[in-house]
Number of protein chains: 2
Amino acid sequence: MSMIKDEEYLPLRDVVFNTLRQEILTGKLKPGERLMEIHLANKLGVSRTPIREAIRKLELEGLVIMIPRRGAEVAQITLKSLQDVMEVRRALDVLAIELACERMGQEDLDSLYQACENFRSAVKTKDTRMLAEADVAFHDKIVLSTGNARLIQLVSNLSEQMYRYRFEYLKDDTSHEMLQQEHMEMYQSILRKDRATAADVVRKHIDNQEEAIIKQLQLEKNDRRKSVY
Amino acid sequence: MSMIKDEEYLPLRDVVFNTLRQEILTGKLKPGERLMEIHLANKLGVSRTPIREAIRKLELEGLVIMIPRRGAEVAQITLKSLQDVMEVRRALDVLAIELACERMGQEDLDSLYQACENFRSAVKTKDTRMLAEADVAFHDKIVLSTGNARLIQLVSNLSEQMYRYRFEYLKDDTSHEMLQQEHMEMYQSILRKDRATAADVVRKHIDNQEEAIIKQLQLEKNDRRKSVY
DNA sequence: TCTTATATACTTGTATTAAAAAAAATACAA
DNA sequence: TTGTATTTTTTTTAATACAAGTATATAAGA
């Protein structure tokens with residue numbers, strides 16, 4: 001008799017893993033910044049052991065790179081690495097929407113329409129955070145509907161790596177109308193089970209995003225140049 | 001003055017990681033088997049710390065699953081998880097060969113042809129291990145030629161998970177001719193920069209493989225039933 | 001002034017120790 | 001014999017200790 005759900009136990013290493021990942025994705029830990037174990041241990045109030053285990057996982061996720069006997073640092077995002085990620089994402093997002101065309105039931109479709117509407121209202125409010133959330137929710141619905149656990153995991157991992165830049169991109173509201181438009185087109189293609197069109201819209205969607213993020217990256221590089229040199 | 005290349009230093013955790021991964025992929029460690037730290041530490045002659053860090057990485061790769069406060073065990077391969085992996089692999093292998101059509105230079109093409117020939121001779125020898133290696137080499141050439149680091153990493157990870165079953169599959173030599181045939185078709189499509197055909201061949205290739213592996217899985221399940229009950 | 005040697009402090013890599021939890025075994029009662 | 005408590009053992013989790021390697025700063029010599 002209680003609201004206590006599951007007494008959710010999370011090992012410290014996973015708490016640390018989530019914390020560090022969040023800090024990297026939101027830019028609190030900047031690319032190139034060193035991750036020193038004792039320092040992090042003190043900051044988070046734990047010993048070095050869970051820190052190290054968390055870093056091992058971040059390493060495999062590609063968010064940090066290891067230099068032997070020197071330690072870990074936050075991975076740089078280069079133009080090349082961005083393009084590589086986007087190339088893969090494009091293929092997986094296309095796969096996802098094609099599968100969605102086949103596998104979405106009426107319930108899923110209704111829920112997707114709802115997500116579409118939510119995004120529309122978020123556009124009106126001009127609240128960037130809300131917008132970002134509505135956008136993620138919409139895309140998640142598509143990927144989740146495939147029921148493919150591996151696909152879900154990979155897409156989520158790849159999107160996360162872009163998170164920081166995507167957020168910046170959404171701050172610029174000139175693209176909002178178009179995004180809304182594209183979401184609606186995706187929904188309608190899935191409704192018609194029109195794989196080819198759905199795939200085309202997704203590709204266009206990703207291309208736009210890639211372009212915007214690249215612009216963002218270049219801007220940032222200029223900023224650094226101005227402030228550092 | 002020596003053959004010693006680079007004094008390649010590998011942290012113990014990576015040695016352990018590679019060792020354990022190999023043992024899982026070759027079936028020495030069986031699905032469901034528990035990975036106990038002290039036991040492994042004794043077996044490999046190291047302390048528990050590098051064992052734990054290696055397990056963290058295997059966990060993220062999906063080769064082991066963690067049960068909190070109970071430890072790690074080798075991940076089960078279910079029919080569903082296999083189909084999920086293959087669905088993703090199909091999309092990524094198609095992407096790879098499409099990119100290869102655009103990006104392979106003359107050198108790459110020659111080297112791919114060579115790999116094709118190597119596979120042909122391996123078929124003649126009927127040495128399964130050699131055959132498996134020649135097969136991997138051929139596919140690696142295609143994926144590597146894309147120059148997309150992320151794609152390379154993901155495909156390699158996904159293939160690895162199938163390794164054990166693929167090996168069994170290659171033991172059955174009825175399919176060897178067809179494999180050889182398909183490799184040649186891939187090479188020729190890339191040579192002609194014919195993306196559509198190349199993609200079709202790859203899809204067929206993966207479908208065959210998936211079917212064979214499923215058969216393998218089902219056989220194994222029957223074996224277990226016979227021997228255990 | 002620049003290079004090089006050496007000492008020193010810092011950081012990672014590995015092992016060991018201590019604590020907490022779960023699983024297994026045993027004892028006891030119905 | 002079966003079901004429930006209690007104890008013991010095993011195993012993970014986390015912290016700490018120690019060893020080994022790396023970078024940095026200072027000082028001597030060219």
# chains A, B, ... in the order shown; residues from 1 in each chain; ligands from 1
>>> residues_around(residues="DA17 of chain D", least_positions_apart="6", cutoff="12 Å", atoms="only C-alpha atoms (C1' of nucleotides)", output="list in words")
DT14, DA15, DT16 and DT17 of chain C
>>> interface_residues(of="chain B", to="chain D", cutoff="9 Å", atoms="only C-alpha atoms (C1' of nucleotides)", output="MDAnalysis selection string")
chainID B and resid 36:38 68:71
>>> write_last_selection(atoms="N, CA and C atoms", output="short mmCIF file (atom, residue, chain, number, x, y, z; two decimals), in the first residue's frame")
data_model
loop_
_atom_site.label_atom_id
_atom_site.label_comp_id
_atom_site.auth_asym_id
_atom_site.auth_seq_id
_atom_site.Cartn_x
_atom_site.Cartn_y
_atom_site.Cartn_z
N MET B 36 31.61 -13.90 -13.28
CA MET B 36 31.91 -13.52 -11.90
C MET B 36 33.31 -12.96 -11.78
N GLU B 37 33.38 -11.84 -11.06
CA GLU B 37 34.61 -11.04 -11.08
C GLU B 37 35.82 -11.79 -10.53
N ILE B 38 35.68 -12.34 -9.34
CA ILE B 38 36.84 -13.00 -8.71
C ILE B 38 37.29 -14.16 -9.59
N PRO B 68 21.55 -5.62 -11.60
CA PRO B 68 22.16 -4.88 -10.49
C PRO B 68 22.32 -5.76 -9.26
N ARG B 69 23.45 -5.65 -8.67
CA ARG B 69 23.80 -6.37 -7.44
C ARG B 69 23.81 -7.88 -7.61
N ARG B 70 23.77 -8.30 -8.85
CA ARG B 70 23.85 -9.74 -9.07
C ARG B 70 24.97 -10.02 -10.05
N GLY B 71 25.27 -9.02 -10.89
CA GLY B 71 26.41 -9.20 -11.78
C GLY B 71 26.03 -9.29 -13.23
#
>>> atom_distance(atom1="atom CA of Phe138 of chain B", atom2="atom CA of Glu59 of chain A")
28.5 Å
>>> residues_around(residues="Thr19 of chain A", least_positions_apart="4", cutoff="12 Å", atoms="only C-alpha atoms (C1' of nucleotides)", output="list in words")
Leu12, Arg13, Asp14, Val15, Glu23, Ile24, Leu25, Thr26, Lys28, Leu29, Leu40, Lys43, Leu44, Pro50, Ile51, Ala54, Ile55 and Leu58 of chain A
>>> atom_distance(atom1="atom CA of Glu160 of chain A", atom2="atom CA of Arg52 of chain A")
21.6 Å
>>> residues_around(residues="segment 129-135 of chain B", least_positions_apart="4", cutoff="8 Å", atoms="only C-alpha atoms (C1' of nucleotides)", output="MDAnalysis selection string")
chainID B and resid 115 118:119 122:123 139 167 170
>>> closest_atom_pairs(of="chain A", to="chain B", cutoff="10 Å", atoms="only C-alpha atoms", output="JSON lines")
{"residue": "A:Tyr9", "atom": "CA", "partner": "B:Pro68", "partner_atom": "CA", "distance": 8.1}
{"residue": "A:Leu10", "atom": "CA", "partner": "B:Pro68", "partner_atom": "CA", "distance": 7.8}
{"residue": "A:Pro11", "atom": "CA", "partner": "B:Pro68", "partner_atom": "CA", "distance": 7.3}
{"residue": "A:Arg13", "atom": "CA", "partner": "B:Arg56", "partner_atom": "CA", "distance": 9.6}
{"residue": "A:Thr49", "atom": "CA", "partner": "B:Thr49", "partner_atom": "CA", "distance": 8.4}
{"residue": "A:Pro50", "atom": "CA", "partner": "B:Glu53", "partner_atom": "CA", "distance": 9.7}
{"residue": "A:Arg52", "atom": "CA", "partner": "B:Glu53", "partner_atom": "CA", "distance": 7.6}
{"residue": "A:Glu53", "atom": "CA", "partner": "B:Glu53", "partner_atom": "CA", "distance": 5.6}
{"residue": "A:Ala54", "atom": "CA", "partner": "B:Arg56", "partner_atom": "CA", "distance": 8.0}
{"residue": "A:Ile55", "atom": "CA", "partner": "B:Glu53", "partner_atom": "CA", "distance": 9.2}
{"residue": "A:Arg56", "atom": "CA", "partner": "B:Lys57", "partner_atom": "CA", "distance": 6.2}
{"residue": "A:Lys57", "atom": "CA", "partner": "B:Lys57", "partner_atom": "CA", "distance": 5.7}
{"residue": "A:Leu58", "atom": "CA", "partner": "B:Lys57", "partner_atom": "CA", "distance": 9.1}
{"residue": "A:Glu59", "atom": "CA", "partner": "B:Lys57", "partner_atom": "CA", "distance": 8.5}
{"residue": "A:Leu60", "atom": "CA", "partner": "B:Lys57", "partner_atom": "CA", "distance": 6.5}
{"residue": "A:Glu61", "atom": "CA", "partner": "B:Leu60", "partner_atom": "CA", "distance": 7.9}
{"residue": "A:Gly62", "atom": "CA", "partner": "B:Arg150", "partner_atom": "CA", "distance": 9.3}
{"residue": "A:Pro68", "atom": "CA", "partner": "B:Pro11", "partner_atom": "CA", "distance": 7.5}
{"residue": "A:Arg69", "atom": "CA", "partner": "B:Pro11", "partner_atom": "CA", "distance": 8.6}
{"residue": "A:Lys80", "atom": "CA", "partner": "B:Asn148", "partner_atom": "CA", "distance": 8.6}
{"residue": "A:Ser81", "atom": "CA", "partner": "B:Ala149", "partner_atom": "CA", "distance": 7.7}
{"residue": "A:Leu82", "atom": "CA", "partner": "B:Arg150", "partner_atom": "CA", "distance": 9.6}
{"residue": "A:Gln83", "atom": "CA", "partner": "B:Asn148", "partner_atom": "CA", "distance": 8.5}
{"residue": "A:Asp84", "atom": "CA", "partner": "B:Asn148", "partner_atom": "CA", "distance": 5.3}
{"residue": "A:Val85", "atom": "CA", "partner": "B:Arg150", "partner_atom": "CA", "distance": 6.2}
{"residue": "A:Met86", "atom": "CA", "partner": "B:Arg150", "partner_atom": "CA", "distance": 9.6}
{"residue": "A:Glu87", "atom": "CA", "partner": "B:Asn148", "partner_atom": "CA", "distance": 8.3}
{"residue": "A:Val88", "atom": "CA", "partner": "B:Leu151", "partner_atom": "CA", "distance": 6.3}
{"residue": "A:Arg89", "atom": "CA", "partner": "B:Leu151", "partner_atom": "CA", "distance": 9.7}
{"residue": "A:Arg90", "atom": "CA", "partner": "B:Leu95", "partner_atom": "CA", "distance": 9.6}
{"residue": "A:Ala91", "atom": "CA", "partner": "B:Ala91", "partner_atom": "CA", "distance": 6.5}
{"residue": "A:Leu92", "atom": "CA", "partner": "B:Ala91", "partner_atom": "CA", "distance": 7.0}
{"residue": "A:Val94", "atom": "CA", "partner": "B:Ala91", "partner_atom": "CA", "distance": 8.9}
{"residue": "A:Leu95", "atom": "CA", "partner": "B:Ala91", "partner_atom": "CA", "distance": 6.7}
{"residue": "A:Ala96", "atom": "CA", "partner": "B:Val88", "partner_atom": "CA", "distance": 9.4}
{"residue": "A:Leu99", "atom": "CA", "partner": "B:Glu87", "partner_atom": "CA", "distance": 9.8}
{"residue": "A:Thr146", "atom": "CA", "partner": "B:Asp84", "partner_atom": "CA", "distance": 9.8}
{"residue": "A:Gly147", "atom": "CA", "partner": "B:Asp84", "partner_atom": "CA", "distance": 8.6}
{"residue": "A:Asn148", "atom": "CA", "partner": "B:Asp84", "partner_atom": "CA", "distance": 5.3}
{"residue": "A:Ala149", "atom": "CA", "partner": "B:Asp84", "partner_atom": "CA", "distance": 6.7}
{"residue": "A:Arg150", "atom": "CA", "partner": "B:Asp84", "partner_atom": "CA", "distance": 6.0}
{"residue": "A:Leu151", "atom": "CA", "partner": "B:Val88", "partner_atom": "CA", "distance": 6.3}
{"residue": "A:Ile152", "atom": "CA", "partner": "B:Asp84", "partner_atom": "CA", "distance": 9.9}
{"residue": "A:Leu154", "atom": "CA", "partner": "B:Leu154", "partner_atom": "CA", "distance": 9.0}
{"residue": "A:Leu158", "atom": "CA", "partner": "B:Arg150", "partner_atom": "CA", "distance": 9.8}
>>> closest_residue(among="C:DC2, C:DA30, C:DA7, C:DA22", to="chain B", atoms="only C-alpha atoms (C1' of nucleotides)")
C:DA22
>>> residues_around(residues="Ile77 of chain A", least_positions_apart="4", cutoff="10 Å", atoms="only C-alpha atoms (C1' of nucleotides)", output="list in words")
Pro31, Gly32, Leu63, Ser81, Leu82, Gln161, Met162 and Leu217 of chain A
>>> residues_around(residues="Asp194 of chain B", least_positions_apart="2", cutoff="12 Å", atoms="only C-alpha atoms (C1' of nucleotides)", output="ChimeraX atom specification")
/B:97-102,185-192,196-201
>>> interface_residues(of="chain C", to="chain A", cutoff="8 Å", atoms="only C-alpha atoms (C1' of nucleotides)", output="short mmCIF file (atom, residue, chain, number, x, y, z; two decimals) with N, CA and C atoms (P, O5', C5', C4', C3', O3' and C1' of nucleotides), in the first residue's frame")
data_model
loop_
_atom_site.label_atom_id
_atom_site.label_comp_id
_atom_site.auth_asym_id
_atom_site.auth_seq_id
_atom_site.Cartn_x
_atom_site.Cartn_y
_atom_site.Cartn_z
P DT C 11 46.41 16.54 -11.48
"O5'" DT C 11 46.32 15.14 -12.23
"C5'" DT C 11 46.93 14.99 -13.51
"C4'" DT C 11 46.89 13.54 -13.91
"C3'" DT C 11 45.61 12.81 -13.48
"O3'" DT C 11 44.93 12.35 -14.63
"C1'" DT C 11 47.56 11.55 -12.91
P DT C 12 43.63 11.43 -14.53
"O5'" DT C 12 44.20 10.00 -14.92
"C5'" DT C 12 44.90 9.85 -16.16
"C4'" DT C 12 45.73 8.59 -16.13
"C3'" DT C 12 44.90 7.31 -16.15
"O3'" DT C 12 45.46 6.43 -17.12
"C1'" DT C 12 46.43 7.26 -14.36
P DG C 13 44.68 5.10 -17.52
"O5'" DG C 13 45.42 4.02 -16.61
"C5'" DG C 13 46.69 3.55 -17.02
"C4'" DG C 13 47.14 2.45 -16.07
"C3'" DG C 13 46.18 1.27 -15.98
"O3'" DG C 13 46.94 0.08 -16.09
"C1'" DG C 13 46.59 2.14 -13.81
#
